[in-house]
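Okay, run_1.txt now, which holds compact mmCIF, C-alpha atoms:
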# COMPACT_ATOMS: atom_id res chain seq x y z
CA MET W 613 -32.76 23.36 8.35
CA ALA W 614 -33.39 21.96 11.85
CA HIS W 615 -33.60 18.22 12.44
CA SER W 616 -36.08 16.65 14.82
CA PRO W 617 -34.67 14.96 17.98
CA ASP W 618 -35.94 11.56 16.76
CA ILE W 619 -33.96 11.82 13.52
CA LEU W 620 -30.80 12.92 15.33
CA THR W 621 -31.14 10.07 17.84
CA SER W 622 -31.64 7.58 14.99
CA GLN W 623 -28.56 8.86 13.17
CA LEU W 624 -26.48 8.73 16.36
CA TYR W 625 -27.66 5.19 17.07
CA SER W 626 -26.80 4.08 13.55
CA THR W 627 -23.34 5.65 13.73
CA SER W 628 -22.56 4.12 17.13
CA GLU W 629 -23.65 0.67 15.91
CA PHE W 630 -21.40 1.08 12.87
CA TYR W 631 -18.31 1.70 15.02
CA ILE W 632 -19.22 -1.08 17.45
CA GLY W 633 -19.38 -3.45 14.48
CA LEU W 634 -16.07 -2.07 13.21
CA GLY W 635 -14.40 -2.77 16.58
CA PHE W 636 -15.71 -6.35 16.62
CA ALA W 637 -14.52 -6.85 13.03
CA ILE W 638 -10.95 -5.74 13.81
CA SER W 639 -10.71 -7.89 16.96
CA SER W 640 -12.08 -10.81 14.96
CA CYS W 641 -9.25 -10.46 12.46
CA LEU W 642 -6.66 -10.68 15.22
CA PHE W 643 -8.03 -13.96 16.58
CA ILE W 644 -8.78 -15.57 13.21
CA GLY W 645 -5.36 -14.65 11.79
CA ALA W 646 -3.67 -16.26 14.79
CA SER W 647 -5.88 -19.36 14.54
CA PHE W 648 -4.61 -20.12 11.01
CA ILE W 649 -1.03 -20.30 12.29
CA ILE W 650 -1.88 -22.30 15.41
CA LYS W 651 -3.79 -24.93 13.42
CA LYS W 652 -1.04 -25.08 10.80
CA ILE W 653 1.50 -25.78 13.56
CA ALA W 654 -0.73 -28.60 14.82
CA LEU W 655 -1.03 -30.12 11.33
CA ILE W 656 2.76 -29.97 10.82
CA ARG W 657 3.29 -31.65 14.17
CA LEU W 658 0.73 -34.30 13.25
CA SER W 659 2.41 -35.08 9.92
CA LYS W 660 5.78 -35.52 11.64
CA GLY W 661 4.21 -37.99 14.05
CA GLY W 662 3.21 -40.34 11.24
CA SER W 663 -0.56 -40.04 11.69
CA VAL W 664 -2.97 -40.02 8.77
CA ARG W 665 -3.04 -36.48 7.40
CA ALA W 666 -6.19 -34.41 7.10
CA ALA W 667 -5.73 -34.32 3.33
CA ALA W 668 -6.02 -38.12 3.28
CA GLY W 669 -9.22 -38.09 5.31
CA GLY W 670 -7.62 -38.48 8.73
CA PHE W 671 -8.92 -36.84 11.87
CA GLY W 672 -5.83 -37.22 14.03
CA TYR W 673 -5.73 -33.46 14.56
CA LEU W 674 -8.66 -33.93 16.96
CA LYS W 675 -6.15 -35.44 19.43
CA GLU W 676 -3.79 -32.46 19.21
CA TRP W 677 -4.25 -29.90 21.98
CA ILE W 678 -2.55 -27.29 19.79
CA TRP W 679 -5.21 -27.77 17.13
CA TRP W 680 -7.92 -27.35 19.76
CA THR W 681 -6.22 -24.14 20.89
CA GLY W 682 -6.40 -22.92 17.32
CA LEU W 683 -10.04 -23.96 17.14
CA ILE W 684 -10.89 -22.07 20.33
CA THR W 685 -9.02 -19.04 19.03
CA MET W 686 -10.95 -19.23 15.79
CA GLY W 687 -14.18 -19.66 17.78
CA ILE W 688 -13.48 -16.42 19.65
CA GLY W 689 -12.70 -14.71 16.38
CA GLU W 690 -15.83 -16.04 14.73
CA GLY W 691 -17.86 -14.93 17.73
CA ALA W 692 -16.50 -11.41 17.36
CA ASN W 693 -17.12 -11.67 13.64
CA PHE W 694 -20.71 -12.70 14.30
CA ALA W 695 -21.18 -9.71 16.58
CA ALA W 696 -19.71 -7.47 13.89
CA TYR W 697 -22.27 -8.73 11.35
CA ALA W 698 -25.03 -7.99 13.85
CA PHE W 699 -24.06 -4.31 14.02
CA ALA W 700 -22.37 -3.44 10.70
CA PRO W 701 -23.08 -4.17 7.02
CA ALA W 702 -21.54 -7.30 5.50
CA SER W 703 -19.95 -5.16 2.78
CA LEU W 704 -17.82 -3.59 5.53
CA VAL W 705 -17.10 -6.57 7.79
CA THR W 706 -16.13 -9.11 5.12
CA PRO W 707 -13.46 -7.09 3.24
CA LEU W 708 -11.86 -6.20 6.57
CA GLY W 709 -11.00 -9.89 6.83
CA ALA W 710 -7.85 -8.88 4.96
CA LEU W 711 -6.45 -7.78 8.30
CA SER W 712 -6.47 -11.44 9.36
CA VAL W 713 -4.21 -12.11 6.36
CA LEU W 714 -1.85 -9.45 7.67
CA VAL W 715 -1.85 -11.00 11.16
CA SER W 716 -1.37 -14.46 9.68
CA SER W 717 1.59 -13.34 7.56
CA VAL W 718 3.35 -11.59 10.43
CA LEU W 719 2.89 -14.57 12.76
CA ALA W 720 3.93 -17.03 10.02
CA SER W 721 7.22 -15.17 9.63
CA LYS W 722 7.85 -15.63 13.34
CA PHE W 723 6.57 -19.14 14.09
CA LEU W 724 6.64 -20.96 10.71
CA ASN W 725 9.95 -19.54 9.43
CA GLU W 726 8.19 -17.89 6.50
CA ARG W 727 10.14 -14.71 5.75
CA LEU W 728 8.43 -11.33 5.47
CA ASN W 729 10.48 -9.57 2.80
CA LEU W 730 10.25 -6.01 1.50
CA LEU W 731 7.25 -6.82 -0.71
CA GLY W 732 5.51 -8.40 2.26
CA LYS W 733 6.06 -5.30 4.36
CA LEU W 734 4.74 -3.18 1.51
CA GLY W 735 1.72 -5.52 1.40
CA CYS W 736 1.12 -4.92 5.12
CA PHE W 737 1.04 -1.18 4.51
CA LEU W 738 -1.32 -1.53 1.52
CA CYS W 739 -3.55 -3.88 3.53
CA ILE W 740 -4.04 -1.22 6.20
CA LEU W 741 -4.49 1.48 3.56
CA GLY W 742 -7.08 -0.51 1.60
CA SER W 743 -8.98 -1.43 4.75
CA THR W 744 -9.12 2.25 5.72
CA ILE W 745 -10.53 3.16 2.31
CA ILE W 746 -13.19 0.46 2.69
CA VAL W 747 -14.20 1.75 6.13
CA ILE W 748 -14.54 5.31 4.84
CA HIS W 749 -16.74 4.38 1.87
CA ALA W 750 -18.73 1.45 3.34
CA PRO W 751 -22.51 1.74 3.77
CA LYS W 752 -23.35 3.02 7.25
CA GLU W 753 -26.97 1.88 7.50
CA GLU W 754 -28.77 -1.45 7.37
CA GLU W 755 -31.43 -2.22 4.76
CA ILE W 756 -33.27 -4.87 6.83
CA GLU W 757 -34.60 -3.98 10.28
CA SER W 758 -36.79 -7.01 11.21
CA LEU W 759 -37.20 -10.72 10.55
CA GLU W 760 -40.46 -10.08 8.71
CA VAL W 761 -38.63 -8.00 6.12
CA LEU W 762 -35.87 -10.62 5.95
CA ILE W 763 -38.40 -13.41 5.24
CA GLU W 764 -39.66 -11.43 2.27
CA LYS W 765 -36.11 -10.97 0.99
CA LEU W 766 -35.33 -14.68 1.36
CA GLN W 767 -38.21 -15.52 -0.97
CA GLU W 768 -36.92 -13.38 -3.82
CA ARG W 769 -36.06 -15.26 -7.01
CA ASP W 770 -32.48 -14.01 -7.33
CA PHE W 771 -31.47 -15.17 -3.87
CA ILE W 772 -33.15 -18.56 -4.29
CA LEU W 773 -31.22 -19.08 -7.54
CA TYR W 774 -27.98 -18.14 -5.77
CA VAL W 775 -28.61 -20.64 -2.95
CA MET W 776 -29.41 -23.40 -5.47
CA LEU W 777 -26.18 -22.63 -7.35
CA VAL W 778 -24.12 -22.80 -4.15
CA ILE W 779 -25.67 -26.10 -3.04
CA THR W 780 -25.18 -27.66 -6.49
CA THR W 781 -21.55 -26.51 -6.60
CA ALA W 782 -20.87 -27.85 -3.10
CA ILE W 783 -22.34 -31.29 -3.90
CA MET W 784 -20.32 -31.57 -7.14
CA ILE W 785 -17.07 -30.64 -5.36
CA ILE W 786 -17.64 -32.97 -2.41
CA PHE W 787 -18.48 -36.04 -4.48
CA TYR W 788 -16.69 -35.51 -7.81
CA PHE W 789 -14.26 -32.62 -8.33
CA GLY W 790 -12.77 -32.74 -4.83
CA PRO W 791 -11.53 -36.35 -4.90
CA LEU W 792 -10.19 -35.92 -8.45
CA TYR W 793 -8.63 -32.44 -8.42
CA GLY W 794 -8.62 -31.24 -4.79
CA HIS W 795 -5.03 -32.36 -4.17
CA ARG W 796 -3.75 -30.67 -7.36
CA ASN W 797 -5.55 -27.33 -7.44
CA VAL W 798 -5.85 -25.10 -4.37
CA SER W 799 -9.00 -23.42 -5.65
CA VAL W 800 -11.18 -26.58 -5.66
CA TYR W 801 -11.82 -26.91 -1.93
CA LEU W 802 -11.58 -23.15 -1.42
CA ILE W 803 -14.46 -22.60 -3.84
CA LEU W 804 -16.49 -24.93 -1.64
CA CYS W 805 -15.44 -23.12 1.55
CA SER W 806 -16.10 -19.68 0.05
CA SER W 807 -19.50 -20.45 -1.43
CA ILE W 808 -20.72 -22.15 1.74
CA GLY W 809 -19.11 -19.30 3.69
CA SER W 810 -21.22 -16.74 1.87
CA LEU W 811 -24.36 -18.53 3.09
CA THR W 812 -22.83 -18.67 6.58
CA VAL W 813 -22.53 -14.89 6.58
CA MET W 814 -26.11 -14.46 5.43
CA SER W 815 -27.28 -16.80 8.21
CA CYS W 816 -25.15 -14.90 10.75
CA LYS W 817 -26.74 -11.63 9.66
CA GLY W 818 -30.22 -13.10 10.15
CA LEU W 819 -29.35 -14.66 13.51
CA GLY W 820 -27.70 -11.44 14.68
CA LEU W 821 -30.77 -9.48 13.66
CA ALA W 822 -33.01 -11.80 15.70
CA ILE W 823 -30.76 -11.61 18.78
CA ARG W 824 -30.49 -7.83 18.53
CA GLU W 825 -34.28 -7.43 18.32
CA THR W 826 -34.73 -9.73 21.31
CA LEU W 827 -32.14 -7.94 23.47
CA SER W 828 -33.51 -4.51 22.57
CA GLY W 829 -36.94 -5.56 23.84
CA GLN W 830 -38.71 -4.89 20.54
CA ARG W 831 -39.97 -8.48 20.33
CA ASN W 832 -38.92 -11.96 21.41
CA GLU W 833 -37.52 -13.48 18.22
CA MET W 834 -36.27 -16.56 20.10
CA ARG W 835 -39.74 -18.00 19.55
CA HIS W 836 -39.51 -17.54 15.79
CA TRP W 837 -38.73 -20.68 13.76
CA LEU W 838 -36.41 -18.74 11.45
CA THR W 839 -34.06 -17.85 14.32
CA TRP W 840 -33.37 -21.50 15.14
CA THR W 841 -33.10 -22.33 11.45
CA PHE W 842 -30.38 -19.70 11.11
CA LEU W 843 -28.56 -21.15 14.14
CA ALA W 844 -28.66 -24.69 12.69
CA LEU W 845 -27.45 -23.48 9.30
CA VAL W 846 -24.55 -21.56 10.86
CA LEU W 847 -23.38 -24.66 12.76
CA VAL W 848 -23.64 -26.94 9.70
CA PHE W 849 -21.97 -24.46 7.34
CA ILE W 850 -19.08 -23.73 9.73
CA THR W 851 -18.47 -27.47 10.18
CA VAL W 852 -18.25 -27.97 6.41
CA GLN W 853 -15.94 -24.96 6.02
CA MET W 854 -13.64 -26.12 8.83
CA ASN W 855 -13.30 -29.62 7.40
CA TYR W 856 -12.37 -28.58 3.87
CA LEU W 857 -10.24 -25.64 4.96
CA ASN W 858 -8.20 -28.13 7.01
CA LYS W 859 -7.68 -30.19 3.86
CA SER W 860 -6.46 -27.14 1.94
CA LEU W 861 -4.10 -26.05 4.72
CA ASP W 862 -2.68 -29.56 4.94
CA MET W 863 -2.01 -29.85 1.20
CA PHE W 864 -0.91 -26.34 0.28
CA ASN W 865 1.24 -23.57 1.66
CA THR W 866 -0.42 -21.07 4.00
CA GLY W 867 0.78 -18.27 1.73
CA ILE W 868 -1.34 -19.65 -1.12
CA VAL W 869 -4.42 -20.75 0.82
CA THR W 870 -4.88 -17.49 2.73
CA PRO W 871 -5.01 -14.97 -0.17
CA VAL W 872 -7.00 -17.21 -2.52
CA TYR W 873 -9.53 -17.96 0.21
CA TYR W 874 -9.83 -14.28 1.07
CA VAL W 875 -10.48 -13.17 -2.51
CA MET W 876 -13.02 -15.92 -3.21
CA PHE W 877 -14.80 -15.62 0.13
CA THR W 878 -15.04 -11.82 0.01
CA ALA W 879 -16.24 -11.75 -3.60
CA LEU W 880 -18.98 -14.31 -2.94
CA VAL W 881 -20.09 -12.68 0.32
CA LEU W 882 -20.36 -9.30 -1.40
CA THR W 883 -22.36 -10.97 -4.18
CA ALA W 884 -24.74 -12.68 -1.76
CA SER W 885 -25.07 -9.51 0.31
CA ALA W 886 -25.86 -7.43 -2.75
CA ILE W 887 -28.56 -9.94 -3.78
CA LEU W 888 -30.17 -10.36 -0.35
CA PHE W 889 -29.58 -7.20 1.67
CA LYS W 890 -29.03 -4.69 -1.16
CA GLU W 891 -26.70 -2.63 1.03
CA TRP W 892 -25.34 -0.77 -2.02
CA ARG W 893 -28.69 0.64 -3.14
CA HIS W 894 -28.38 4.04 -1.45
CA LEU W 895 -24.61 4.50 -1.83
CA SER W 896 -23.36 7.31 -4.04
CA GLY W 897 -21.25 6.54 -7.09
CA GLN W 898 -18.23 7.97 -5.28
CA ASP W 899 -18.64 5.59 -2.34
CA ILE W 900 -19.19 2.59 -4.62
CA LEU W 901 -16.02 3.44 -6.56
CA GLY W 902 -14.14 4.00 -3.30
CA SER W 903 -15.23 0.63 -1.91
CA ILE W 904 -14.19 -1.15 -5.11
CA CYS W 905 -10.82 0.62 -5.13
CA GLY W 906 -10.26 -0.25 -1.49
CA PHE W 907 -11.04 -3.90 -2.20
CA LEU W 908 -8.63 -3.93 -5.16
CA VAL W 909 -5.89 -2.35 -3.03
CA VAL W 910 -6.42 -5.08 -0.43
CA ILE W 911 -6.20 -7.79 -3.11
CA VAL W 912 -2.86 -6.36 -4.29
CA ALA W 913 -1.74 -6.25 -0.65
CA ILE W 914 -2.45 -9.90 0.10
CA VAL W 915 -0.80 -10.97 -3.16
CA LEU W 916 2.35 -9.07 -2.14
CA LEU W 917 2.08 -10.49 1.37
CA ASN W 918 1.95 -14.11 0.32
CA THR W 919 2.73 -14.85 -3.32
CA PHE W 920 6.18 -13.25 -3.41
CA LYS W 921 7.22 -13.95 0.14
CA ASP W 922 9.90 -16.48 -0.88
CA MET W 923 11.73 -13.95 -3.06
CA GLU W 924 15.03 -12.66 -1.73
CA ILE W 925 14.43 -8.93 -1.90
CA SER W 926 15.37 -6.29 0.62
CA LEU W 927 15.81 -2.55 0.91
CA ASN W 928 19.44 -2.91 -0.20
CA ASP W 929 18.24 -4.35 -3.52
CA VAL W 930 16.04 -1.31 -4.04
CA ARG W 931 18.90 1.01 -3.24
CA GLY W 932 20.95 -0.77 -5.86
CA VAL W 933 18.43 0.21 -8.53
CA TRP W 934 19.23 3.86 -7.93
CA ARG W 935 22.96 3.30 -8.47
CA PRO W 936 24.57 3.54 -11.94
CA LYS W 937 25.16 0.29 -13.76
CA ARG W 938 28.57 -1.28 -13.32
CA GLU W 939 29.53 -0.98 -17.00
CA LEU W 940 28.64 2.71 -16.96
CA LEU W 941 30.88 3.23 -13.94
CA VAL W 942 33.76 1.40 -15.65
CA SER W 943 33.25 3.41 -18.83
CA HIS W 944 33.08 6.68 -16.89
CA ASN W 945 36.22 5.85 -14.94
CA SER W 946 38.13 4.90 -18.09
CA HIS W 947 37.12 8.15 -19.80
CA ALA W 948 38.09 10.14 -16.72
CA LEU W 949 41.47 8.41 -16.61
CA ALA W 950 42.07 9.14 -20.30
CA ASP W 951 41.15 12.79 -19.80
CA ASN W 952 43.55 13.06 -16.88
CA ARG W 953 46.32 11.57 -18.98
CA ARG W 954 45.67 14.03 -21.81
CA LEU W 955 45.69 16.96 -19.39
CA SER W 956 48.90 15.73 -17.85
CA ALA W 957 50.50 15.38 -21.28
CA TYR W 958 49.28 18.84 -22.32
CA GLY W 959 50.66 20.37 -19.13
CA THR W 960 54.06 18.70 -19.69
CA SER W 961 54.28 19.99 -23.27
CA ASP W 962 53.46 23.54 -22.11
CA ASN W 963 56.24 23.42 -19.51
CA ASN W 964 58.73 22.28 -22.14
CA MET W 965 57.88 25.29 -24.30
CA PHE W 966 59.16 27.61 -21.59
Please express what this file holds, its structure, as structure tokens.
Amino acid sequence: MAHSPDILTSQLYSTSEFYIGLGFAISSCLFIGASFIIKKIALIRLSKGGSVRAAAGGFGYLKEWIWWTGLITMGIGEGANFAAYAFAPASLVTPLGALSVLVSSVLASKFLNERLNLLGKLGCFLCILGSTIIVIHAPKEEEIESLEVLIEKLQERDFILYVMLVITTAIMIIFYFGPLYGHRNVSVYLILCSSIGSLTVMSCKGLGLAIRETLSGQRNEMRHWLTWTFLALVLVFITVQMNYLNKSLDMFNTGIVTPVYYVMFTALVLTASAILFKEWRHLSGQDILGSICGFLVVIVAIVLLNTFKDMEISLNDVRGVWRPKRELLVSHNSHALADNRRLSAYGTSDNNMF
């Protein structure tokens, strides 16, 4: 069956946009992964200098040029991430954030003296494998093509309920649960960062859609009030995320903050994306299962990368598993020695007979 030129051009355009978004997503992971380590170095340096730590409400890190370098690096990464959301579905871009965990772990082993053992190296491999599975099975087309359609989606009951839940949760953590439990449980502030982050992604998608329509010449969306609302929300949400992520990094090990933040952030972004954009509607059951499996593989990878990184395990330990147990070797040697003695005695008795 022949396809019309318009359909072929549309499919080609969609495919090219998908890979452009994929390229931006991967480059974003490189910059964001490095920014975690740079900012952590700045916070360590600040704590050694005797300044008030970020966990205690201090803002001394604003005087550290290293921290600003990390912020600029993260800004570049977030810019690439924003561009990725403008071209590719959120259900592809967000799970690929696992690659930033890989970059962070490798750089932490070099600059923060955090060892990358055999399990960590296995986690790196699984991270790449899981990300590949996600790319293969991710949705290739967008569900929303204009701001008018997006406005209709924003007014749906399910998304409004989700936004109200996120705002309520954020207020409770900022004013009650954070001061009481934030210094004892790593998930408290990360829940705040992840929930607000899911709204950041939705705002980035809307802003990217407006910019893309404007640049393509379809219509000038810079005059639309929703475009500037999205921009304001992105700036506010990123500021909140940065502040409370700094608190978490200052109080807890990078190896704990990074995987927990990834799992929470990705899960909530996928939830918000499914509610608002409905990117999964036209996926086959095979692709949905593949995407879920890829996400689970990535979760296992980041757990191996970070949770068990302080364990002393190497390839020599694995080789030792394949060797016989020591007591079995001793028993085997003793039996062999006894057999040799019996053979020797039998041979001596035979010689005496002749």
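For Lys817 of chain W, the residues within 10 Å (counting only C-alpha atoms, excluding itself and residues fewer than 5 positions away along the chain) are Phe694, Ala695, Ala696, Tyr697, Ala698, Phe699, Ala700, Pro701, Ala702, Ile756, Leu762, Leu811, Thr812, Ala822, Ile823, Phe842, Ser885 and Phe889 of chain W.
Atom CA of Leu917 of chain W to atom CA of His795 of chain W spans 23.7 Å [interatomic distance, one decimal].
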Point-to-point distance in Å for atom CA of Ser743 of chain W and atom CA of Ile684 of chain W: 25.9 Å
Residue neighbourhood segment 654-661 of chain W, 7 Å, all atoms listed in the file, exclusion window fewer than 6 positions, as a list in words: Tyr673, Glu676, Ile678, Trp679 and Asp862 of chain W
With C-alpha atoms retained, export the selected residues as a PDB file, in the frame of the given file.
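This went into result.pdb:
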ATOM      1  CA  TYR W 673      -5.730 -33.460  14.560  1.00  0.00           C
ATOM      2  CA  GLU W 676      -3.790 -32.460  19.210  1.00  0.00           C
ATOM      3  CA  ILE W 678      -2.550 -27.290  19.790  1.00  0.00           C
ATOM      4  CA  TRP W 679      -5.210 -27.770  17.130  1.00  0.00           C
ATOM      5  CA  ASP W 862      -2.680 -29.560   4.940  1.00  0.00           C
TER       6      ASP W 862
END
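Taking atom CA of Ile746 of chain W as the reference point, atom CA of Gly906 of chain W is found at 5.2 Å.
The neighbours of Leu711 of chain W here are the residues that come within 8 Å of it, using all atoms listed in the file and leaving out any residue fewer than 5 positions away in the same chain; they are Ile638, Cys641, Leu642, Gly645, Cys739, Ile740 and Ser743 of chain W.
Candidate residues W:Gly687, W:Gly633, W:Asp770, W:Gly735 were compared for distance to Thr851 of chain W, and the nearest is W:Gly687, using all atoms listed in the file.
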Residue contacts of Gly794 of chain W (12 Å, only C-alpha atoms) excluding same-chain residues fewer than 4 positions away, as a ChimeraX atom specification: /W:667-668,784-790,798-804,856-857,859-864
Shell of 10 Å around Glu726 of chain W, all atoms listed in the file, local chain residues under 2 positions omitted, as a PyMOL selection string: chain W and resi 717-724+728-729+866-867+918+921-922
Neighbour residues at most 12 Å from (-10.6, -16.2, 0.0) (all atoms listed in the file) as a PyMOL selection string: chain W and resi 706-707+709-710+712-713+798-810+853+857+860+866-881+910-911+914-915
Put a box with edges along x, y and z around all the listed atoms of segment 685-688 of chain W, pad it by 3 Å on each side, then give me its centre and sizes in Å, one decimal, as lines of an AutoDock Vina configuration file.
center_x = -11.6
center_y = -18.0
center_z = 17.7
size_x = 11.2
size_y = 9.2
size_z = 9.9
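Counting only C-alpha atoms, the residue from W:Ala750, W:Val715, W:Val846, W:Leu634 that sits nearest to Phe648 of chain W is W:Val715.
Residue nearest Glu629 of chain W, chosen from W:Arg824, W:Ser647, W:Ala886, W:Lys765 and counting all atoms listed in the file: W:Arg824.
With only C-alpha atoms as the atoms that count, the minimum distance from Ile887 of chain W to the choices W:Met854, W:Ile772, W:Leu827, W:Ile644 is reached by W:Ile772.
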File for segment 864-891 of chain W (N, CA and C atoms), as a short mmCIF file (atom, residue, chain, number, x, y, z; two decimals), in the first residue's frame:
data_model
loop_
_atom_site.label_atom_id
_atom_site.label_comp_id
_atom_site.auth_asym_id
_atom_site.auth_seq_id
_atom_site.Cartn_x
_atom_site.Cartn_y
_atom_site.Cartn_z
N PHE W 864 23.46 14.14 53.52
CA PHE W 864 23.55 12.72 53.23
C PHE W 864 24.58 12.46 52.13
N ASN W 865 25.02 11.21 52.08
CA ASN W 865 26.01 10.80 51.09
C ASN W 865 25.43 10.90 49.68
N THR W 866 26.29 11.28 48.73
CA THR W 866 25.86 11.38 47.33
C THR W 866 25.31 10.05 46.83
N GLY W 867 25.89 8.95 47.30
CA GLY W 867 25.45 7.63 46.86
C GLY W 867 24.06 7.27 47.30
N ILE W 868 23.53 7.96 48.31
CA ILE W 868 22.15 7.74 48.75
C ILE W 868 21.21 8.73 48.08
N VAL W 869 21.63 9.99 48.02
CA VAL W 869 20.76 11.03 47.47
C VAL W 869 20.46 10.77 45.99
N THR W 870 21.50 10.43 45.23
CA THR W 870 21.33 10.31 43.78
C THR W 870 20.33 9.23 43.37
N PRO W 871 20.45 7.97 43.85
CA PRO W 871 19.49 6.95 43.41
C PRO W 871 18.07 7.19 43.92
N VAL W 872 17.94 7.62 45.17
CA VAL W 872 16.60 7.86 45.72
C VAL W 872 15.91 8.99 44.96
N TYR W 873 16.66 10.04 44.67
CA TYR W 873 16.10 11.16 43.93
C TYR W 873 15.69 10.73 42.52
N TYR W 874 16.52 9.91 41.90
CA TYR W 874 16.20 9.45 40.55
C TYR W 874 14.90 8.65 40.52
N VAL W 875 14.77 7.70 41.43
CA VAL W 875 13.59 6.83 41.44
C VAL W 875 12.33 7.65 41.71
N MET W 876 12.38 8.53 42.72
CA MET W 876 11.21 9.34 43.06
C MET W 876 10.86 10.30 41.92
N PHE W 877 11.86 11.00 41.43
CA PHE W 877 11.63 12.00 40.39
C PHE W 877 11.06 11.35 39.13
N THR W 878 11.66 10.24 38.69
CA THR W 878 11.21 9.58 37.47
C THR W 878 9.79 9.05 37.63
N ALA W 879 9.51 8.42 38.77
CA ALA W 879 8.18 7.86 38.99
C ALA W 879 7.11 8.95 38.96
N LEU W 880 7.38 10.09 39.60
CA LEU W 880 6.40 11.17 39.64
C LEU W 880 6.26 11.87 38.29
N VAL W 881 7.36 12.01 37.55
CA VAL W 881 7.27 12.61 36.22
C VAL W 881 6.46 11.72 35.28
N LEU W 882 6.70 10.42 35.34
CA LEU W 882 5.94 9.50 34.50
C LEU W 882 4.45 9.53 34.87
N THR W 883 4.18 9.68 36.17
CA THR W 883 2.78 9.77 36.61
C THR W 883 2.13 11.04 36.08
N ALA W 884 2.81 12.17 36.26
CA ALA W 884 2.27 13.45 35.78
C ALA W 884 2.12 13.45 34.26
N SER W 885 3.09 12.87 33.57
CA SER W 885 3.04 12.82 32.11
C SER W 885 1.90 11.94 31.62
N ALA W 886 1.68 10.83 32.32
CA ALA W 886 0.57 9.95 31.94
C ALA W 886 -0.77 10.63 32.15
N ILE W 887 -0.88 11.46 33.21
CA ILE W 887 -2.13 12.16 33.49
C ILE W 887 -2.38 13.29 32.49
N LEU W 888 -1.31 14.08 32.20
CA LEU W 888 -1.50 15.27 31.37
C LEU W 888 -1.37 14.98 29.87
N PHE W 889 -0.27 14.36 29.48
CA PHE W 889 0.01 14.20 28.05
C PHE W 889 -0.50 12.89 27.47
N LYS W 890 -0.72 11.89 28.34
CA LYS W 890 -1.24 10.59 27.88
C LYS W 890 -0.40 10.02 26.74
N GLU W 891 0.92 10.03 26.94
CA GLU W 891 1.84 9.55 25.91
C GLU W 891 1.78 8.03 25.73
#
